[in-house]
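Asker: File start_6.csv follows (CSV, C-alpha atoms):
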```csv
chain,number,residue,atom,x,y,z
C,1487,MET,CA,-12.0,-84.7,-67.9
C,1488,LYS,CA,-8.8,-83.9,-66.1
C,1489,LYS,CA,-10.7,-82.7,-63.0
C,1490,LEU,CA,-12.6,-86.0,-63.0
C,1491,PHE,CA,-9.4,-87.9,-63.3
C,1492,TRP,CA,-7.9,-86.3,-60.2
C,1493,LEU,CA,-11.1,-86.6,-58.3
C,1494,LEU,CA,-11.3,-90.3,-58.9
C,1495,PHE,CA,-7.6,-90.7,-58.2
C,1496,GLY,CA,-8.0,-89.0,-54.8
C,1497,THR,CA,-11.1,-90.9,-54.0
C,1498,GLY,CA,-9.5,-94.2,-54.9
C,1499,LEU,CA,-6.4,-93.5,-52.9
C,1500,ALA,CA,-8.4,-92.4,-49.9
C,1501,ILE,CA,-10.5,-95.6,-50.0
C,1502,ALA,CA,-7.4,-97.7,-50.3
C,1503,VAL,CA,-5.8,-96.1,-47.3
C,1504,ILE,CA,-9.0,-96.6,-45.3
C,1505,ALA,CA,-9.2,-100.2,-46.4
C,1506,PHE,CA,-5.7,-101.0,-45.3
C,1507,THR,CA,-6.4,-99.3,-42.0
C,1508,LEU,CA,-9.3,-101.5,-41.4
C,1509,SER,CA,-7.4,-104.7,-42.3
C,1510,ASP,CA,-5.9,-104.9,-38.8
C,1511,ASN,CA,-9.4,-105.0,-37.3
C,1512,THR,CA,-12.0,-107.6,-37.4
C,1513,LEU,CA,-14.0,-105.8,-40.1
C,1514,SER,CA,-12.5,-107.8,-42.9
C,1515,TYR,CA,-15.8,-107.5,-44.9
C,1516,PHE,CA,-15.4,-103.7,-45.1
C,1517,PHE,CA,-11.7,-104.2,-45.9
C,1518,ASN,CA,-12.5,-106.4,-48.9
C,1519,PHE,CA,-15.4,-104.2,-50.0
C,1520,LEU,CA,-13.3,-101.0,-49.8
C,1521,LEU,CA,-10.3,-102.6,-51.4
C,1522,GLY,CA,-12.4,-103.9,-54.3
C,1523,LEU,CA,-14.0,-100.5,-54.7
C,1524,SER,CA,-10.6,-98.7,-54.8
C,1525,THR,CA,-9.4,-101.3,-57.4
C,1526,ASN,CA,-12.4,-100.5,-59.6
C,1527,ILE,CA,-11.8,-96.8,-59.3
C,1528,PHE,CA,-8.2,-97.2,-60.3
C,1529,GLY,CA,-9.3,-99.3,-63.2
C,1530,LEU,CA,-11.7,-96.5,-64.2
C,1531,ILE,CA,-8.9,-94.0,-63.9
C,1532,ILE,CA,-6.7,-95.9,-66.3
C,1533,THR,CA,-9.6,-96.2,-68.8
C,1534,ILE,CA,-10.2,-92.4,-68.5
C,1535,PHE,CA,-6.5,-91.7,-69.0
C,1536,PHE,CA,-6.3,-93.6,-72.3
C,1537,ALA,CA,-9.7,-92.2,-73.4
C,1538,GLN,CA,-8.4,-88.7,-72.8
C,1539,LYS,CA,-5.2,-89.5,-74.7
C,1540,TYR,CA,-7.3,-90.6,-77.7
C,1541,ILE,CA,-9.6,-87.6,-77.5
C,1542,ASP,CA,-6.6,-85.3,-77.4
C,1543,ALA,CA,-5.1,-87.0,-80.4
C,1544,VAL,CA,-8.3,-86.7,-82.4
C,1545,GLU,CA,-8.7,-83.0,-81.4
C,1546,THR,CA,-5.1,-82.3,-82.4
C,1547,LYS,CA,-5.6,-84.1,-85.7
C,1548,ASN,CA,-8.8,-82.1,-86.4
C,1549,ARG,CA,-7.1,-78.8,-85.5
C,1550,LYS,CA,-4.2,-79.6,-87.8
C,1551,ALA,CA,-6.5,-80.5,-90.6
C,1552,ALA,CA,-8.5,-77.3,-90.2
C,1553,GLU,CA,-5.3,-75.2,-90.1
C,1554,THR,CA,-3.9,-77.0,-93.1
C,1555,ASN,CA,-7.1,-76.3,-95.1
C,1556,GLU,CA,-7.0,-72.7,-94.1
C,1557,ILE,CA,-3.3,-72.3,-95.1
C,1558,LEU,CA,-3.9,-73.9,-98.5
C,1559,ARG,CA,-7.0,-71.8,-99.1
C,1560,HIS,CA,-5.0,-68.7,-98.5
C,1561,ASP,CA,-2.1,-70.0,-100.6
C,1562,ARG,CA,-4.3,-70.1,-103.7
C,1563,ILE,CA,-4.6,-66.4,-103.4
C,1564,MET,CA,-1.0,-65.9,-102.3
C,1565,GLN,CA,0.3,-67.5,-105.4
C,1566,GLN,CA,-1.4,-64.9,-107.5
C,1567,PHE,CA,0.2,-62.1,-105.6
C,1568,ILE,CA,3.6,-63.9,-105.7
C,1569,LEU,CA,3.3,-64.1,-109.5
C,1570,LEU,CA,2.6,-60.4,-109.6
C,1571,TYR,CA,5.5,-59.7,-107.4
C,1572,LEU,CA,7.8,-61.8,-109.6
C,1573,GLU,CA,6.7,-59.8,-112.6
C,1574,GLY,CA,7.7,-56.6,-110.9
C,1575,TYR,CA,10.9,-58.2,-109.6
C,1576,ALA,CA,11.9,-59.5,-113.1
C,1577,SER,CA,11.1,-56.0,-114.5
C,1578,ILE,CA,13.9,-54.4,-112.4
C,1579,ALA,CA,16.2,-57.4,-112.0
C,1580,ILE,CA,16.1,-59.2,-115.4
C,1581,PRO,CA,15.1,-56.5,-117.9
C,1582,ASN,CA,15.8,-58.6,-120.9
C,1583,LYS,CA,13.6,-61.5,-119.8
C,1584,LEU,CA,10.1,-61.6,-121.3
C,1585,ASP,CA,8.7,-64.5,-119.3
C,1586,VAL,CA,8.3,-64.5,-115.6
C,1587,SER,CA,8.8,-68.3,-115.6
C,1588,GLU,CA,12.4,-67.8,-116.4
C,1589,ILE,CA,13.1,-66.4,-113.0
C,1590,HIS,CA,14.9,-68.7,-110.6
C,1591,ILE,CA,12.9,-68.9,-107.4
C,1592,ASN,CA,14.7,-71.9,-105.9
C,1593,VAL,CA,16.3,-70.7,-102.7
C,1594,ALA,CA,19.4,-72.7,-103.5
C,1595,GLU,CA,19.9,-71.0,-106.8
C,1596,ASP,CA,21.1,-67.5,-107.6
C,1597,ASP,CA,19.4,-65.6,-110.5
C,1598,GLU,CA,22.6,-63.5,-110.9
C,1599,PHE,CA,20.7,-60.2,-110.3
C,1600,ALA,CA,23.5,-57.6,-110.3
C,1601,PHE,CA,23.2,-54.1,-108.9
C,1602,THR,CA,23.8,-52.7,-112.4
C,1603,ASP,CA,20.7,-54.4,-113.6
C,1604,LEU,CA,18.7,-51.7,-111.8
C,1605,ALA,CA,19.8,-49.2,-114.5
C,1606,GLY,CA,16.8,-49.9,-116.6
C,1607,MET,CA,14.2,-49.7,-113.8
C,1608,TYR,CA,13.0,-46.2,-114.9
C,1609,ASP,CA,12.1,-47.6,-118.3
C,1610,ALA,CA,8.7,-49.0,-119.2
C,1611,SER,CA,8.7,-52.8,-118.5
C,1612,LEU,CA,9.1,-55.0,-121.5
C,1613,MET,CA,7.6,-57.8,-119.6
C,1614,ILE,CA,4.2,-56.3,-118.8
C,1615,PRO,CA,3.1,-54.2,-121.8
C,1616,LYS,CA,-0.5,-54.2,-120.5
C,1617,LYS,CA,0.6,-51.9,-117.7
C,1618,GLY,CA,1.1,-49.1,-120.3
C,1619,ALA,CA,3.6,-46.4,-119.7
C,1620,LYS,CA,4.4,-47.3,-116.1
C,1621,SER,CA,8.1,-47.8,-115.3
C,1622,SER,CA,9.5,-51.1,-114.1
C,1623,ILE,CA,10.2,-49.7,-110.6
C,1624,GLU,CA,6.6,-48.5,-110.2
C,1625,ILE,CA,5.3,-51.9,-111.2
C,1626,TYR,CA,7.7,-53.5,-108.7
C,1627,TYR,CA,6.6,-51.3,-105.8
C,1628,GLU,CA,2.9,-51.7,-106.6
C,1629,ASN,CA,3.1,-55.5,-106.7
C,1630,GLU,CA,5.4,-55.6,-103.7
C,1631,GLU,CA,2.8,-53.7,-101.7
C,1632,LYS,CA,0.0,-56.0,-102.8
C,1633,LEU,CA,1.9,-59.1,-101.7
C,1634,ALA,CA,3.0,-57.6,-98.4
C,1635,LYS,CA,-0.5,-56.6,-97.5
C,1636,TYR,CA,-1.8,-60.1,-98.2
C,1637,VAL,CA,1.1,-61.7,-96.3
C,1638,MET,CA,0.0,-59.6,-93.2
C,1639,ASN,CA,-3.6,-60.7,-93.8
C,1640,VAL,CA,-2.5,-64.3,-93.7
C,1641,ILE,CA,-0.3,-63.7,-90.6
C,1642,GLU,CA,-3.3,-62.2,-88.8
C,1643,ASN,CA,-5.9,-64.8,-89.8
C,1644,VAL,CA,-4.1,-68.1,-89.6
C,1645,ASN,CA,-3.0,-69.7,-86.3
C,1646,PHE,CA,0.1,-71.5,-87.6
C,1647,GLU,CA,0.2,-73.8,-84.6
C,1648,PHE,CA,1.4,-76.7,-86.7
C,1649,TYR,CA,3.4,-74.8,-89.3
C,1650,PRO,CA,5.6,-72.3,-87.4
C,1651,GLU,CA,8.2,-72.4,-90.1
C,1652,LEU,CA,5.7,-70.9,-92.6
C,1653,LEU,CA,4.8,-68.2,-90.1
C,1654,ASP,CA,8.5,-67.3,-89.6
C,1655,THR,CA,9.1,-67.0,-93.3
C,1656,LEU,CA,6.0,-64.8,-93.9
C,1657,THR,CA,6.8,-62.7,-90.8
C,1658,GLU,CA,10.4,-62.1,-92.0
C,1659,PHE,CA,9.1,-61.1,-95.5
C,1660,TYR,CA,6.8,-58.5,-94.0
C,1661,ARG,CA,9.5,-57.3,-91.6
C,1662,ILE,CA,11.9,-56.6,-94.5
C,1663,TYR,CA,9.1,-54.9,-96.4
C,1664,ILE,CA,7.9,-52.7,-93.5
C,1665,LYS,CA,11.4,-51.5,-92.4
C,1666,SER,CA,12.5,-50.4,-95.9
C,1667,ASP,CA,12.6,-46.7,-96.4
C,1668,GLU,CA,14.1,-46.2,-99.8
C,1669,LYS,CA,10.9,-46.0,-101.9
C,1670,GLU,CA,10.4,-42.2,-101.8
C,1671,ILE,CA,13.9,-41.4,-102.9
C,1672,VAL,CA,14.0,-44.1,-105.6
C,1673,LEU,CA,10.7,-42.9,-107.1
C,1674,TRP,CA,11.5,-39.2,-106.7
C,1675,PRO,CA,13.0,-38.7,-110.3
C,1676,LEU,CA,9.6,-39.8,-111.7
C,1677,THR,CA,7.8,-37.1,-109.8
C,1678,VAL,CA,9.8,-34.2,-111.3
C,1679,ASP,CA,7.3,-32.0,-113.2
C,1680,ASP,CA,9.6,-30.6,-115.9
C,1681,LEU,CA,10.0,-33.4,-118.5
C,1682,ASP,CA,13.5,-32.3,-119.5
C,1683,ASN,CA,14.7,-32.1,-115.9
C,1684,ARG,CA,13.1,-35.5,-115.2
C,1685,LYS,CA,15.0,-37.0,-118.1
C,1686,LEU,CA,18.3,-35.5,-117.0
C,1687,ILE,CA,17.9,-36.7,-113.4
C,1688,ILE,CA,16.9,-40.3,-114.6
C,1689,THR,CA,19.9,-40.3,-117.0
C,1690,ALA,CA,22.2,-39.2,-114.2
C,1691,MET,CA,20.9,-41.9,-111.8
C,1692,THR,CA,21.1,-44.5,-114.4
C,1693,ASN,CA,24.7,-43.7,-115.2
C,1694,MET,CA,25.6,-43.8,-111.5
C,1695,ILE,CA,24.0,-47.2,-111.2
C,1696,LYS,CA,25.8,-48.5,-114.2
C,1697,SER,CA,29.2,-47.0,-113.2
C,1698,LYS,CA,32.1,-49.4,-113.3
C,1699,ASP,CA,34.2,-47.1,-111.2
C,1700,ASN,CA,32.1,-47.5,-108.0
C,1701,ASP,CA,31.1,-50.7,-106.2
C,1702,TRP,CA,28.1,-49.2,-104.5
C,1703,VAL,CA,27.2,-52.4,-102.7
C,1704,ALA,CA,30.7,-52.8,-101.2
C,1705,GLN,CA,30.8,-49.1,-100.2
C,1706,ASN,CA,27.4,-49.5,-98.4
C,1707,ALA,CA,28.7,-52.5,-96.5
C,1708,LYS,CA,31.6,-50.4,-95.2
C,1709,GLY,CA,29.2,-47.6,-94.1
C,1710,LYS,CA,30.5,-45.2,-96.8
C,1711,LEU,CA,27.1,-44.3,-98.3
C,1712,ASN,CA,25.5,-42.6,-95.4
C,1713,GLY,CA,23.9,-39.5,-96.7
C,1714,ASN,CA,24.6,-40.6,-100.3
C,1715,VAL,CA,21.5,-41.0,-102.6
C,1716,MET,CA,23.0,-44.3,-103.8
C,1717,LYS,CA,22.3,-45.8,-100.4
C,1718,SER,CA,18.6,-46.0,-101.3
C,1719,TYR,CA,19.4,-47.9,-104.5
C,1720,VAL,CA,21.6,-50.3,-102.7
C,1721,THR,CA,18.9,-50.8,-100.1
C,1722,LEU,CA,16.4,-51.6,-102.9
C,1723,TYR,CA,18.8,-54.0,-104.4
C,1724,LEU,CA,19.5,-55.9,-101.2
C,1725,LYS,CA,15.8,-55.9,-100.2
C,1726,ALA,CA,14.6,-57.3,-103.5
C,1727,ARG,CA,17.1,-60.1,-103.4
C,1728,GLU,CA,16.2,-61.0,-99.8
C,1729,GLU,CA,12.4,-60.9,-100.6
C,1730,ARG,CA,13.0,-63.2,-103.6
C,1731,LYS,CA,14.8,-65.7,-101.4
C,1732,LEU,CA,12.0,-65.6,-98.8
C,1733,ILE,CA,9.5,-66.2,-101.6
C,1734,ALA,CA,11.5,-69.2,-102.7
C,1735,LYS,CA,11.6,-70.5,-99.1
C,1736,TYR,CA,7.9,-70.1,-98.7
C,1737,THR,CA,7.3,-71.9,-102.0
C,1738,GLN,CA,9.4,-74.8,-100.9
C,1739,GLU,CA,7.6,-75.0,-97.5
C,1740,ILE,CA,4.1,-74.7,-99.0
C,1741,ASN,CA,4.9,-77.4,-101.6
C,1742,LYS,CA,5.8,-79.7,-98.7
C,1743,VAL,CA,2.4,-79.0,-97.1
C,1744,LYS,CA,0.7,-79.7,-100.4
C,1745,LEU,CA,2.6,-82.9,-101.0
C,1746,GLN,CA,1.7,-84.2,-97.5
C,1747,ASN,CA,-2.0,-83.5,-98.3
C,1748,GLY,CA,-2.0,-85.1,-101.7
C,1749,GLN,CA,-1.7,-81.9,-103.7
C,1750,SER,CA,1.0,-81.2,-106.3
```
As structure tokens, please, write out the structure in this file.
Answerer:
Amino acid sequence: MKKLFWLLFGTGLAIAVIAFTLSDNTLSYFFNFLLGLSTNIFGLIITIFFAQKYIDAVETKNRKAAETNEILRHDRIMQQFILLYLEGYASIAIPNKLDVSEIHINVAEDDEFAFTDLAGMYDASLMIPKKGAKSSIEIYYENEEKLAKYVMNVIENVNFEFYPELLDTLTEFYRIYIKSDEKEIVLWPLTVDDLDNRKLIITAMTNMIKSKDNDWVAQNAKGKLNGNVMKSYVTLYLKAREERKLIAKYTQEINKVKLQNGQS
């Protein structure tokens, strides 16, 4: 369509130039003929221009509708993984809560998750008895991985031409997940074969987390925990808080998309 536009434009311009060149001669007939022809061509150009604008608008609308449907289709599955993640998050962050719905996921709010709340993460989760004897931290990591894998699946399979803010949020979530390296150290106490030694190590780590004499988060911010095992626990704490905020941000953004498309 664009090539035709420029072809007609060039042809019309050339004819108009020829017509005005002939106007000084006695060939007025040819002048009028060529001038009329060029006028018709320019009229056709204007028609094509507006037709192309309309076609582009329709194509854009259709692309956006298709992308929106794809995002909402993926979101139905995403919400299931988010709920699983929040179960794991609540298990380590809010150990006394028995209902995942009690978690604040509004990005403007703070659920008051304190570093010392991690002290119960090696205990079996009270929230999810169906998981059996698994510790809260194991459940958290399992559900975090499931969500992160699906987030990457969505990033790879949706274009996000019209919703770049959603892409930014999902990409940031996956970036935080993939760069974290604390998991092996945090889970290590659970891998100790000797049961008595395992209990001693878990008790020691729990007491260090609960310690009122050390502000581990502040020390980490000052770079004082390099080489200290507590750095991994602070990393977990900061990562979990950031992931929760990004989930809240995603929830707000996807709710706007749903509202714009007549969904609640």
Asker: Would you please work out which residue, of C:Ile1641, C:Leu1604, C:Leu1686, C:Leu1681, is nearest to Met1716 of chain C when using all atoms listed in the file?
Answerer: C:Leu1604
Asker: Would you mind telling me which residue in C:Asn1706, C:Thr1546, C:Asn1629, C:Asn1555 lies nearest to Tyr1575 of chain C when using only C-alpha atoms?
Answerer: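 Among the listed residues, C:Asn1629 lies closest to Tyr1575 of chain C.
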Asker: Using only C-alpha atoms, which protein or nucleic acid residues come within 8 Å of Tyr1608 of chain C? Drop anything in the same chain fewer than 2 positions from it, and give the result as a PDB file with C-alpha atoms, in the coordinates of the input.
Answerer:
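Result written to around_8.pdb:
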```pdb
ATOM      1  CA  ALA C1605      19.800 -49.200-114.500  1.00  0.00           C
ATOM      2  CA  GLY C1606      16.800 -49.900-116.600  1.00  0.00           C
ATOM      3  CA  ALA C1610       8.700 -49.000-119.200  1.00  0.00           C
ATOM      4  CA  SER C1621       8.100 -47.800-115.300  1.00  0.00           C
ATOM      5  CA  SER C1622       9.500 -51.100-114.100  1.00  0.00           C
ATOM      6  CA  ILE C1623      10.200 -49.700-110.600  1.00  0.00           C
ATOM      7  CA  LEU C1676       9.600 -39.800-111.700  1.00  0.00           C
ATOM      8  CA  ILE C1688      16.900 -40.300-114.600  1.00  0.00           C
TER       9      ILE C1688
END
```
Asker: What does the distance from atom CA of Thr1692 of chain C to atom CA of Lys1725 of chain C come to in Å, to one decimal?
Answerer: 19.0 Å
Asker: Find the residues around Leu1722 of chain C up to 8 Å (all atoms listed in the file counted), leave out those fewer than 4 positions away in its own chain, and share them as an mmCIF file with C-alpha atoms, in the coordinates of the input.
Answerer:
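Just written: part.cif:
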```
data_model
loop_
_atom_site.group_PDB
_atom_site.id
_atom_site.type_symbol
_atom_site.label_atom_id
_atom_site.label_comp_id
_atom_site.auth_asym_id
_atom_site.auth_seq_id
_atom_site.Cartn_x
_atom_site.Cartn_y
_atom_site.Cartn_z
ATOM 1 C CA GLU C 1668 14.100 -46.200 -99.800
ATOM 2 C CA LYS C 1669 10.900 -46.000 -101.900
ATOM 3 C CA SER C 1718 18.600 -46.000 -101.300
ATOM 4 C CA ALA C 1726 14.600 -57.300 -103.500
#
```
Asker: Neighbouring residues of Asn1643 of chain C were defined as those with any atom within 10 Å, considering all atoms listed in the file; residues of the same chain fewer than 5 positions away were excluded. Please report them as a ChimeraX atom specification.
Answerer: /C:1556-1557,1560,1638
Asker: For Leu1653 of chain C, find every residue with an atom within 10 Å (counting all atoms listed in the file), except residues of its own chain fewer than 6 positions away, and show them as a ChimeraX atom specification.
Answerer: /C:1637,1640-1641,1644-1647,1659,1736
Asker: As an mmCIF file, keeping the file's coordinate frame, please: segment 1633-1644 of chain C completed to all heavy atoms.
Answerer:
```cif
data_model
loop_
_atom_site.group_PDB
_atom_site.id
_atom_site.type_symbol
_atom_site.label_atom_id
_atom_site.label_comp_id
_atom_site.auth_asym_id
_atom_site.auth_seq_id
_atom_site.Cartn_x
_atom_site.Cartn_y
_atom_site.Cartn_z
ATOM 1 N N LEU C 1633 1.519 -57.841 -102.372
ATOM 2 C CA LEU C 1633 1.900 -59.100 -101.700
ATOM 3 C C LEU C 1633 2.115 -58.912 -100.241
ATOM 4 O O LEU C 1633 1.652 -59.742 -99.447
ATOM 5 C CB LEU C 1633 3.232 -59.597 -102.370
ATOM 6 C CG LEU C 1633 3.841 -60.860 -101.732
ATOM 7 C CD1 LEU C 1633 2.857 -62.026 -101.776
ATOM 8 C CD2 LEU C 1633 5.149 -61.227 -102.427
ATOM 9 N N ALA C 1634 2.766 -57.829 -99.837
ATOM 10 C CA ALA C 1634 3.000 -57.600 -98.400
ATOM 11 C C ALA C 1634 1.721 -57.465 -97.627
ATOM 12 O O ALA C 1634 1.599 -57.992 -96.515
ATOM 13 C CB ALA C 1634 3.877 -56.344 -98.237
ATOM 14 N N LYS C 1635 0.739 -56.785 -98.204
ATOM 15 C CA LYS C 1635 -0.500 -56.600 -97.500
ATOM 16 C C LYS C 1635 -1.237 -57.976 -97.341
ATOM 17 O O LYS C 1635 -1.835 -58.248 -96.293
ATOM 18 C CB LYS C 1635 -1.452 -55.664 -98.295
ATOM 19 C CG LYS C 1635 -1.068 -54.202 -98.149
ATOM 20 C CD LYS C 1635 -2.046 -53.299 -98.882
ATOM 21 C CE LYS C 1635 -1.718 -51.827 -98.656
ATOM 22 N NZ LYS C 1635 -2.659 -50.931 -99.381
ATOM 23 N N TYR C 1636 -1.144 -58.820 -98.362
ATOM 24 C CA TYR C 1636 -1.800 -60.100 -98.200
ATOM 25 C C TYR C 1636 -1.034 -61.020 -97.259
ATOM 26 O O TYR C 1636 -1.641 -61.806 -96.527
ATOM 27 C CB TYR C 1636 -1.942 -60.813 -99.583
ATOM 28 C CG TYR C 1636 -2.881 -61.993 -99.489
ATOM 29 C CD1 TYR C 1636 -4.251 -61.790 -99.350
ATOM 30 C CD2 TYR C 1636 -2.401 -63.300 -99.475
ATOM 31 C CE1 TYR C 1636 -5.121 -62.857 -99.209
ATOM 32 C CE2 TYR C 1636 -3.268 -64.373 -99.342
ATOM 33 C CZ TYR C 1636 -4.626 -64.138 -99.207
ATOM 34 O OH TYR C 1636 -5.484 -65.203 -99.052
ATOM 35 N N VAL C 1637 0.282 -60.899 -97.250
ATOM 36 C CA VAL C 1637 1.100 -61.700 -96.300
ATOM 37 C C VAL C 1637 0.643 -61.300 -94.858
ATOM 38 O O VAL C 1637 0.449 -62.185 -94.016
ATOM 39 C CB VAL C 1637 2.587 -61.360 -96.468
ATOM 40 C CG1 VAL C 1637 3.389 -61.831 -95.251
ATOM 41 C CG2 VAL C 1637 3.109 -62.059 -97.718
ATOM 42 N N MET C 1638 0.470 -60.018 -94.579
ATOM 43 C CA MET C 1638 0.000 -59.600 -93.200
ATOM 44 C C MET C 1638 -1.381 -60.125 -92.961
ATOM 45 O O MET C 1638 -1.688 -60.532 -91.838
ATOM 46 C CB MET C 1638 0.064 -58.080 -93.132
ATOM 47 C CG MET C 1638 -0.466 -57.537 -91.797
ATOM 48 S SD MET C 1638 0.227 -58.350 -90.325
ATOM 49 C CE MET C 1638 1.959 -57.900 -90.453
ATOM 50 N N ASN C 1639 -2.237 -60.140 -93.962
ATOM 51 C CA ASN C 1639 -3.600 -60.700 -93.800
ATOM 52 C C ASN C 1639 -3.537 -62.145 -93.374
ATOM 53 O O ASN C 1639 -4.278 -62.576 -92.479
ATOM 54 C CB ASN C 1639 -4.364 -60.527 -95.102
ATOM 55 C CG ASN C 1639 -5.758 -61.138 -95.036
ATOM 56 O OD1 ASN C 1639 -5.951 -62.317 -95.313
ATOM 57 N ND2 ASN C 1639 -6.732 -60.331 -94.667
ATOM 58 N N VAL C 1640 -2.649 -62.905 -93.992
ATOM 59 C CA VAL C 1640 -2.500 -64.300 -93.700
ATOM 60 C C VAL C 1640 -1.948 -64.481 -92.244
ATOM 61 O O VAL C 1640 -2.423 -65.309 -91.458
ATOM 62 C CB VAL C 1640 -1.595 -65.035 -94.679
ATOM 63 C CG1 VAL C 1640 -1.313 -66.472 -94.245
ATOM 64 C CG2 VAL C 1640 -2.247 -65.024 -96.057
ATOM 65 N N ILE C 1641 -0.945 -63.686 -91.906
ATOM 66 C CA ILE C 1641 -0.300 -63.700 -90.600
ATOM 67 C C ILE C 1641 -1.399 -63.498 -89.494
ATOM 68 O O ILE C 1641 -1.422 -64.153 -88.449
ATOM 69 C CB ILE C 1641 0.801 -62.723 -90.446
ATOM 70 C CG1 ILE C 1641 1.985 -63.150 -91.319
ATOM 71 C CG2 ILE C 1641 1.249 -62.570 -88.996
ATOM 72 C CD1 ILE C 1641 3.090 -62.120 -91.401
ATOM 73 N N GLU C 1642 -2.287 -62.552 -89.760
ATOM 74 C CA GLU C 1642 -3.300 -62.200 -88.800
ATOM 75 C C GLU C 1642 -4.446 -63.161 -88.674
ATOM 76 O O GLU C 1642 -5.122 -63.222 -87.645
ATOM 77 C CB GLU C 1642 -3.845 -60.779 -89.109
ATOM 78 C CG GLU C 1642 -2.842 -59.651 -88.911
ATOM 79 C CD GLU C 1642 -3.394 -58.304 -89.331
ATOM 80 O OE1 GLU C 1642 -4.386 -58.290 -90.101
ATOM 81 O OE2 GLU C 1642 -2.846 -57.273 -88.899
ATOM 82 N N ASN C 1643 -4.679 -63.947 -89.714
ATOM 83 C CA ASN C 1643 -5.900 -64.800 -89.800
ATOM 84 C C ASN C 1643 -5.634 -66.284 -89.678
ATOM 85 O O ASN C 1643 -6.595 -67.056 -89.641
ATOM 86 C CB ASN C 1643 -6.676 -64.464 -91.024
ATOM 87 C CG ASN C 1643 -7.329 -63.095 -90.974
ATOM 88 O OD1 ASN C 1643 -8.331 -62.892 -90.298
ATOM 89 N ND2 ASN C 1643 -6.745 -62.131 -91.673
ATOM 90 N N VAL C 1644 -4.378 -66.690 -89.668
ATOM 91 C CA VAL C 1644 -4.100 -68.100 -89.600
ATOM 92 C C VAL C 1644 -3.261 -68.339 -88.278
ATOM 93 O O VAL C 1644 -2.365 -67.549 -87.958
ATOM 94 C CB VAL C 1644 -3.267 -68.621 -90.776
ATOM 95 C CG1 VAL C 1644 -2.922 -70.099 -90.614
ATOM 96 C CG2 VAL C 1644 -4.073 -68.401 -92.052
#
```
